[in-house]
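First the structure, in the form of structure tokens, and then the observations on it.
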Amino acid sequence: MHDFDTDGHRARKRFGQNFLSDPNTIRRIIDGIRPQAGERMVEIGPGLGAMTAPLIERLGHLHVVEIDRDLIARLRETYPPTQLTIHEGDALKFDFASLGGEEEKPLRVVGNLPYNISTPILFHLAGFAEHVKDMTFMLQKEVVMRMVAAPGTEEYGRLSVMLQYRFRMGRLFDVPPGAFRPAPKVMSSIVRMAPLPPEELGAQDEALLGRIVTAAFGQRRKTLKNTLREFVGEADFDALGLDPGLRGEKLSVAQFVAIANHCSARR
Ligand code: SAM
């Protein structure tokens with residue numbers, strides 16, 4: 001495994017470590033986040049602290065979740081506990097609800113996420129949407145394009161539907177590999193996610209919605225008639241006003257919700 005020495009720290013590939021080093025990009029991200037003094041915020045994977053320092057400067061206090069012990073030791077030496085609360089461990093297992101999320105102070109989540117675990121982290125975080133005000137992430141551009149994709153496009157899939165069901169999403173801007181050390185092989189993008197109000201979500205059984213979406217995109221070339229056989233038959237397609245000859249990538253989030261609710265009602 002080829003590791004890369006950055007500021008005295010050997011960047012670890014297994015933790016997806018590419019550290020932001022371009023001051024202009026860091027400033028643009030912080031401007032996009034607009035941290036306000038006193039807000040409750042958590043940064044996932046602070047690393048060498050490229051974003052941590054300007055965030056603490058604006059907020060006064062920040063929570064971080066970091067897995068790499070060497071980086072944790074550096075952060076402890078740099079910031080007193082009054083400015084930085086360090087949660088040592090795996091963000092995939094972290095209980096974000098434990099950071100509060102009282103109505104008057106919902107949680108803001110930010111991070112230049114490790115690309116090797118970006119999809120599981122997004123699904124893990126989606127489970128805490130009710131505690132969250134917004135999330136701003138840097139991710140591989142290709143993943144961000146899938147997150148924000150519209151129905152009928154090549155990038156549209158399970159990730160698009162399940163995240164757009166719960167969040168309003170927007171891509172802010174792209175970041176080239178040269179902004180990091182070591183430079184990743186791919187372009188990155190910044191994405192903003194704001195949870196939709198619960199009354200706008202609409203699925204009576206979210207686990208069922210998840211199963212239907214997974215099935216619909218499980219076999220890309222197949223029509224809904226085949227992929228959703230387990231859930232809906234011909235009469236259901238008629239009742240829903242849907243063409244069983246369509247493929248999953250043509251359906252809007254609202255249409256997936258309608259299928260799920262039709263199945264819930266029938267049970
Ligand atoms: N935020 C820093 C920056 O912008 O320079 C570092 C970004 S680097 C792409 C990803 C960071 O996430 C690293 O610090 C890495 O150690 C940390 N990390 C990787 N896997 C993690 C996990 N499962 N839980 C928490 N942190 C993780």
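Just so we're on the same page: first chain in the structure tokens is A, next is B, and so on; residues restart at 1 for each chain, and ligands are numbered from 1 in the order they show up.
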
Please build the interface table for chain A against ligand 1 with a cut-off of 10 Å, listing for each qualifying residue the nearest atom pair and the distance in Å to one decimal; count only C-alpha atoms and all ligand atoms, order rows by chain and increasing number, and write it as a tab-separated table.
residue	atom	partner	partner_atom_place_in_ligand_line	distance
A:Ala11	CA	ligand 1	16 (O)	8.3
A:Arg12	CA	ligand 1	16 (O)	7.3
A:Lys13	CA	ligand 1	15 (C)	8.9
A:Arg14	CA	ligand 1	19 (C)	7.6
A:Phe15	CA	ligand 1	19 (C)	3.9
A:Gly16	CA	ligand 1	9 (C)	5.4
A:Gln17	CA	ligand 1	8 (S)	4.0
A:Asn18	CA	ligand 1	9 (C)	4.4
A:Phe19	CA	ligand 1	5 (O)	3.2
A:Leu20	CA	ligand 1	5 (O)	3.9
A:Ser21	CA	ligand 1	5 (O)	6.8
A:Asp22	CA	ligand 1	5 (O)	9.6
A:Ile26	CA	ligand 1	4 (O)	8.1
A:Glu43	CA	ligand 1	1 (N)	7.7
A:Ile44	CA	ligand 1	26 (N)	5.8
A:Gly45	CA	ligand 1	12 (O)	3.2
A:Pro46	CA	ligand 1	1 (N)	3.9
A:Gly47	CA	ligand 1	14 (O)	3.1
A:Leu48	CA	ligand 1	5 (O)	5.8
A:Gly49	CA	ligand 1	2 (C)	5.9
A:Ala50	CA	ligand 1	5 (O)	5.0
A:Met51	CA	ligand 1	4 (O)	6.0
A:Thr52	CA	ligand 1	1 (N)	7.4
A:Val64	CA	ligand 1	25 (C)	8.7
A:Val65	CA	ligand 1	25 (C)	5.3
A:Glu66	CA	ligand 1	26 (N)	3.9
A:Ile67	CA	ligand 1	26 (N)	4.4
A:Asp68	CA	ligand 1	16 (O)	4.8
A:Arg69	CA	ligand 1	16 (O)	8.4
A:Asp70	CA	ligand 1	16 (O)	9.0
A:Leu71	CA	ligand 1	14 (O)	7.0
A:Ile72	CA	ligand 1	16 (O)	9.0
A:His87	CA	ligand 1	25 (C)	8.9
A:Glu88	CA	ligand 1	25 (C)	7.8
A:Gly89	CA	ligand 1	24 (N)	5.9
A:Asp90	CA	ligand 1	24 (N)	3.7
A:Ala91	CA	ligand 1	24 (N)	3.8
A:Leu92	CA	ligand 1	23 (N)	5.6
A:Lys93	CA	ligand 1	23 (N)	8.1
A:Phe94	CA	ligand 1	24 (N)	8.2
A:Val110	CA	ligand 1	1 (N)	9.0
A:Gly111	CA	ligand 1	1 (N)	5.9
A:Asn112	CA	ligand 1	7 (C)	4.7
A:Leu113	CA	ligand 1	10 (C)	5.1
A:Pro114	CA	ligand 1	10 (C)	4.3
A:Tyr115	CA	ligand 1	9 (C)	6.8
A:Asn116	CA	ligand 1	20 (N)	8.1
A:Ile117	CA	ligand 1	23 (N)	7.2
A:Ser118	CA	ligand 1	20 (N)	9.3
A:Pro120	CA	ligand 1	23 (N)	9.7
A:Ile121	CA	ligand 1	23 (N)	8.1
A:Phe137	CA	ligand 1	1 (N)	9.9
A:Met138	CA	ligand 1	9 (C)	8.3
A:Leu139	CA	ligand 1	9 (C)	8.5
A:Gln140	CA	ligand 1	9 (C)	9.9
A:Ala179	CA	ligand 1	5 (O)	9.6
A:Phe180	CA	ligand 1	5 (O)	7.3
A:Arg181	CA	ligand 1	5 (O)	8.2
A:Pro182	CA	ligand 1	9 (C)	9.8
A:Pro184	CA	ligand 1	9 (C)	9.1

Keeping only C-alpha atoms, write the selected residues as an mmCIF file, in the first residue's frame.
data_model
loop_
_atom_site.group_PDB
_atom_site.id
_atom_site.type_symbol
_atom_site.label_atom_id
_atom_site.label_comp_id
_atom_site.auth_asym_id
_atom_site.auth_seq_id
_atom_site.Cartn_x
_atom_site.Cartn_y
_atom_site.Cartn_z
ATOM 1 C CA ALA A 11 -1.792 9.473 4.686
ATOM 2 C CA ARG A 12 -3.554 6.128 5.087
ATOM 3 C CA LYS A 13 -5.289 4.777 2.024
ATOM 4 C CA ARG A 14 -7.461 2.420 4.025
ATOM 5 C CA PHE A 15 -9.024 5.435 5.757
ATOM 6 C CA GLY A 16 -9.528 7.255 2.444
ATOM 7 C CA GLN A 17 -7.122 10.015 3.468
ATOM 8 C CA ASN A 18 -6.772 12.832 0.960
ATOM 9 C CA PHE A 19 -6.215 16.056 2.823
ATOM 10 C CA LEU A 20 -7.483 19.370 1.538
ATOM 11 C CA SER A 21 -4.572 21.721 1.052
ATOM 12 C CA ASP A 22 -5.839 24.467 -1.269
ATOM 13 C CA ILE A 26 -11.247 25.535 1.956
ATOM 14 C CA GLU A 43 -17.324 17.251 11.311
ATOM 15 C CA ILE A 44 -16.794 13.691 10.085
ATOM 16 C CA GLY A 45 -13.129 12.854 9.469
ATOM 17 C CA PRO A 46 -11.346 16.110 10.422
ATOM 18 C CA GLY A 47 -7.983 14.647 9.405
ATOM 19 C CA LEU A 48 -5.253 17.238 9.673
ATOM 20 C CA GLY A 49 -7.834 19.909 10.413
ATOM 21 C CA ALA A 50 -8.076 21.823 7.119
ATOM 22 C CA MET A 51 -11.731 22.621 7.769
ATOM 23 C CA THR A 52 -11.624 22.125 11.537
ATOM 24 C CA VAL A 64 -15.525 15.739 15.366
ATOM 25 C CA VAL A 65 -15.673 11.980 14.675
ATOM 26 C CA GLU A 66 -12.311 10.551 13.595
ATOM 27 C CA ILE A 67 -11.078 6.964 13.328
ATOM 28 C CA ASP A 68 -7.299 7.464 12.975
ATOM 29 C CA ARG A 69 -5.556 7.525 16.386
ATOM 30 C CA ASP A 70 -2.536 9.458 15.137
ATOM 31 C CA LEU A 71 -4.766 12.219 13.827
ATOM 32 C CA ILE A 72 -6.771 12.219 17.061
ATOM 33 C CA HIS A 87 -15.357 11.341 19.312
ATOM 34 C CA GLU A 88 -12.868 8.603 18.595
ATOM 35 C CA GLY A 89 -14.164 5.837 16.357
ATOM 36 C CA ASP A 90 -16.019 4.789 13.261
ATOM 37 C CA ALA A 91 -18.531 7.321 11.891
ATOM 38 C CA LEU A 92 -20.467 4.380 10.415
ATOM 39 C CA LYS A 93 -21.290 3.240 13.954
ATOM 40 C CA PHE A 94 -21.564 6.638 15.561
ATOM 41 C CA VAL A 110 -20.064 18.515 7.520
ATOM 42 C CA GLY A 111 -17.209 16.436 6.171
ATOM 43 C CA ASN A 112 -14.779 15.702 3.450
ATOM 44 C CA LEU A 113 -15.879 12.090 3.539
ATOM 45 C CA PRO A 114 -13.655 9.071 3.017
ATOM 46 C CA TYR A 115 -14.663 8.000 -0.493
ATOM 47 C CA ASN A 116 -14.317 4.278 0.153
ATOM 48 C CA ILE A 117 -17.292 4.327 2.540
ATOM 49 C CA SER A 118 -19.341 7.223 1.152
ATOM 50 C CA PRO A 120 -22.801 3.485 3.721
ATOM 51 C CA ILE A 121 -22.082 6.758 5.559
ATOM 52 C CA PHE A 137 -20.185 16.952 2.180
ATOM 53 C CA MET A 138 -17.324 16.639 -0.205
ATOM 54 C CA LEU A 139 -17.589 13.391 -2.126
ATOM 55 C CA GLN A 140 -16.405 11.840 -5.311
ATOM 56 C CA ALA A 179 -6.717 20.721 -4.164
ATOM 57 C CA PHE A 180 -5.698 17.663 -2.053
ATOM 58 C CA ARG A 181 -2.547 16.017 -0.786
ATOM 59 C CA PRO A 182 -2.151 13.297 -1.842
ATOM 60 C CA PRO A 184 -7.092 11.558 -5.503
#

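By chain and then residue number, the residues within 8 Å of range 244-258 of chain A are Pro151, Gly152, Thr153, Glu154, Tyr156, Gly157, Val161, Gln164, Tyr165, Gly202, Ala203, Leu209, Ile212, Val213, Ala216, Phe217, Arg220, Arg221, Lys222, Thr223, Leu224, Lys225, Glu234, Phe237, Leu240 and His262 of chain A, counting only C-alpha atoms and disregarding those fewer than 4 positions away in sequence.
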
>> From a backbone DSSP assignment, name each residue in range 18-230 of chain A labelled helix (DSSP H, G or I), as a VMD selection string.
In response: chain A and resid 23 to 33 52 to 59 69 to 78 96 to 99 115 to 126 129 to 131 141 to 147 158 to 166 177 to 179 198 to 200 206 to 218 224 to 227

Can you write just those residues out, C-alpha atoms, as a CSV table (one decimal), in the first residue's frame?
chain,number,residue,atom,x,y,z
A,23,PRO,CA,-6.8,27.5,0.9
A,24,ASN,CA,-9.1,28.9,-1.8
A,25,THR,CA,-11.1,25.6,-1.9
A,26,ILE,CA,-11.2,25.5,2.0
A,27,ARG,CA,-12.5,29.1,2.0
A,28,ARG,CA,-15.2,28.4,-0.6
A,29,ILE,CA,-16.5,25.4,1.3
A,30,ILE,CA,-16.6,27.3,4.6
A,31,ASP,CA,-18.4,30.1,2.8
A,32,GLY,CA,-20.9,27.6,1.5
A,33,ILE,CA,-21.5,26.1,5.0
A,52,THR,CA,-11.6,22.1,11.5
A,53,ALA,CA,-9.6,25.3,12.2
A,54,PRO,CA,-11.9,27.7,10.3
A,55,LEU,CA,-15.0,26.0,11.7
A,56,ILE,CA,-13.8,26.4,15.3
A,57,GLU,CA,-12.9,30.0,14.6
A,58,ARG,CA,-16.5,30.8,13.5
A,59,LEU,CA,-18.5,28.5,15.7
A,69,ARG,CA,-5.6,7.5,16.4
A,70,ASP,CA,-2.5,9.5,15.1
A,71,LEU,CA,-4.8,12.2,13.8
A,72,ILE,CA,-6.8,12.2,17.1
A,73,ALA,CA,-3.5,12.7,19.0
A,74,ARG,CA,-2.6,15.7,16.8
A,75,LEU,CA,-6.1,17.2,17.3
A,76,ARG,CA,-5.9,16.8,21.1
A,77,GLU,CA,-2.5,18.7,21.1
A,78,THR,CA,-3.9,21.5,19.0
A,96,PHE,CA,-25.3,11.2,15.8
A,97,ALA,CA,-28.5,11.6,17.9
A,98,SER,CA,-26.2,11.5,21.0
A,99,LEU,CA,-24.9,15.0,20.0
A,115,TYR,CA,-14.7,8.0,-0.5
A,116,ASN,CA,-14.3,4.3,0.2
A,117,ILE,CA,-17.3,4.3,2.5
A,118,SER,CA,-19.3,7.2,1.2
A,119,THR,CA,-22.5,5.3,0.4
A,120,PRO,CA,-22.8,3.5,3.7
A,121,ILE,CA,-22.1,6.8,5.6
A,122,LEU,CA,-24.9,8.5,3.6
A,123,PHE,CA,-27.3,5.8,4.5
A,124,HIS,CA,-26.2,5.7,8.1
A,125,LEU,CA,-26.7,9.5,8.4
A,126,ALA,CA,-30.1,9.4,6.6
A,129,ALA,CA,-32.4,13.2,9.5
A,130,GLU,CA,-34.9,14.2,12.2
A,131,HIS,CA,-32.1,15.5,14.4
A,141,LYS,CA,-18.2,13.8,-8.1
A,142,GLU,CA,-19.5,10.6,-9.6
A,143,VAL,CA,-21.3,9.8,-6.3
A,144,VAL,CA,-22.7,13.3,-6.1
A,145,MET,CA,-24.1,13.1,-9.6
A,146,ARG,CA,-25.9,10.0,-8.6
A,147,MET,CA,-27.2,11.6,-5.5
A,158,ARG,CA,-31.3,3.6,-5.6
A,159,LEU,CA,-29.0,6.3,-4.0
A,160,SER,CA,-30.9,9.1,-5.8
A,161,VAL,CA,-34.4,7.9,-4.8
A,162,MET,CA,-33.6,7.0,-1.2
A,163,LEU,CA,-31.8,10.3,-0.5
A,164,GLN,CA,-34.1,12.5,-2.5
A,165,TYR,CA,-37.0,10.9,-0.6
A,166,ARG,CA,-35.7,12.4,2.6
A,177,PRO,CA,-7.7,16.5,-7.5
A,178,GLY,CA,-4.9,19.2,-7.2
A,179,ALA,CA,-6.7,20.7,-4.2
A,198,PRO,CA,-41.6,14.9,8.0
A,199,GLU,CA,-45.1,15.8,6.6
A,200,GLU,CA,-43.6,15.9,3.1
A,206,GLU,CA,-40.2,3.3,4.7
A,207,ALA,CA,-38.6,-0.2,5.0
A,208,LEU,CA,-41.0,-1.4,2.3
A,209,LEU,CA,-40.2,1.6,0.1
A,210,GLY,CA,-36.5,0.7,0.5
A,211,ARG,CA,-37.2,-2.9,-0.6
A,212,ILE,CA,-39.2,-1.8,-3.6
A,213,VAL,CA,-36.5,0.7,-4.7
A,214,THR,CA,-33.8,-1.9,-4.3
A,215,ALA,CA,-35.7,-4.4,-6.3
A,216,ALA,CA,-36.5,-1.9,-9.1
A,217,PHE,CA,-32.8,-1.1,-9.6
A,218,GLY,CA,-31.5,-4.6,-8.9
A,224,LEU,CA,-41.0,-3.0,-13.5
A,225,LYS,CA,-43.3,-6.0,-14.4
A,226,ASN,CA,-40.3,-8.3,-13.7
A,227,THR,CA,-38.4,-6.5,-11.0

>> I'd like to know which residues of range 21-242 of chain A are strand (DSSP E or B) (by DSSP, run on the backbone); could you write them as a PyMOL selection string?
In response: chain A and resi 40-44+62-66+84-88+107-112+132-140+167-175+180-181+188-195+223

> Hey, what's within 10 Å of Thr82 in chain A if we count only C-alpha atoms and toss same-chain stuff fewer than 5 positions away? As number ranges by chain, please?
Replying inline: A: 60-62

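Of the residues under consideration (A:Leu242, A:Cys263, A:Met135, A:Val42), A:Cys263 shows the shortest atom-to-atom contact distance to Gln204 in chain A when counting only C-alpha atoms.
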
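Straight-line separation from CA of Ala194 in chain A to CA of Leu107 in chain A: 11.2 Å.
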
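Pairwise distance (CA of Met193 in chain A, CA of Thr136 in chain A) equals 6.3 Å.
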
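CA of Gly241 in chain A is positioned 10.3 Å from CA of Ile259 in chain A.
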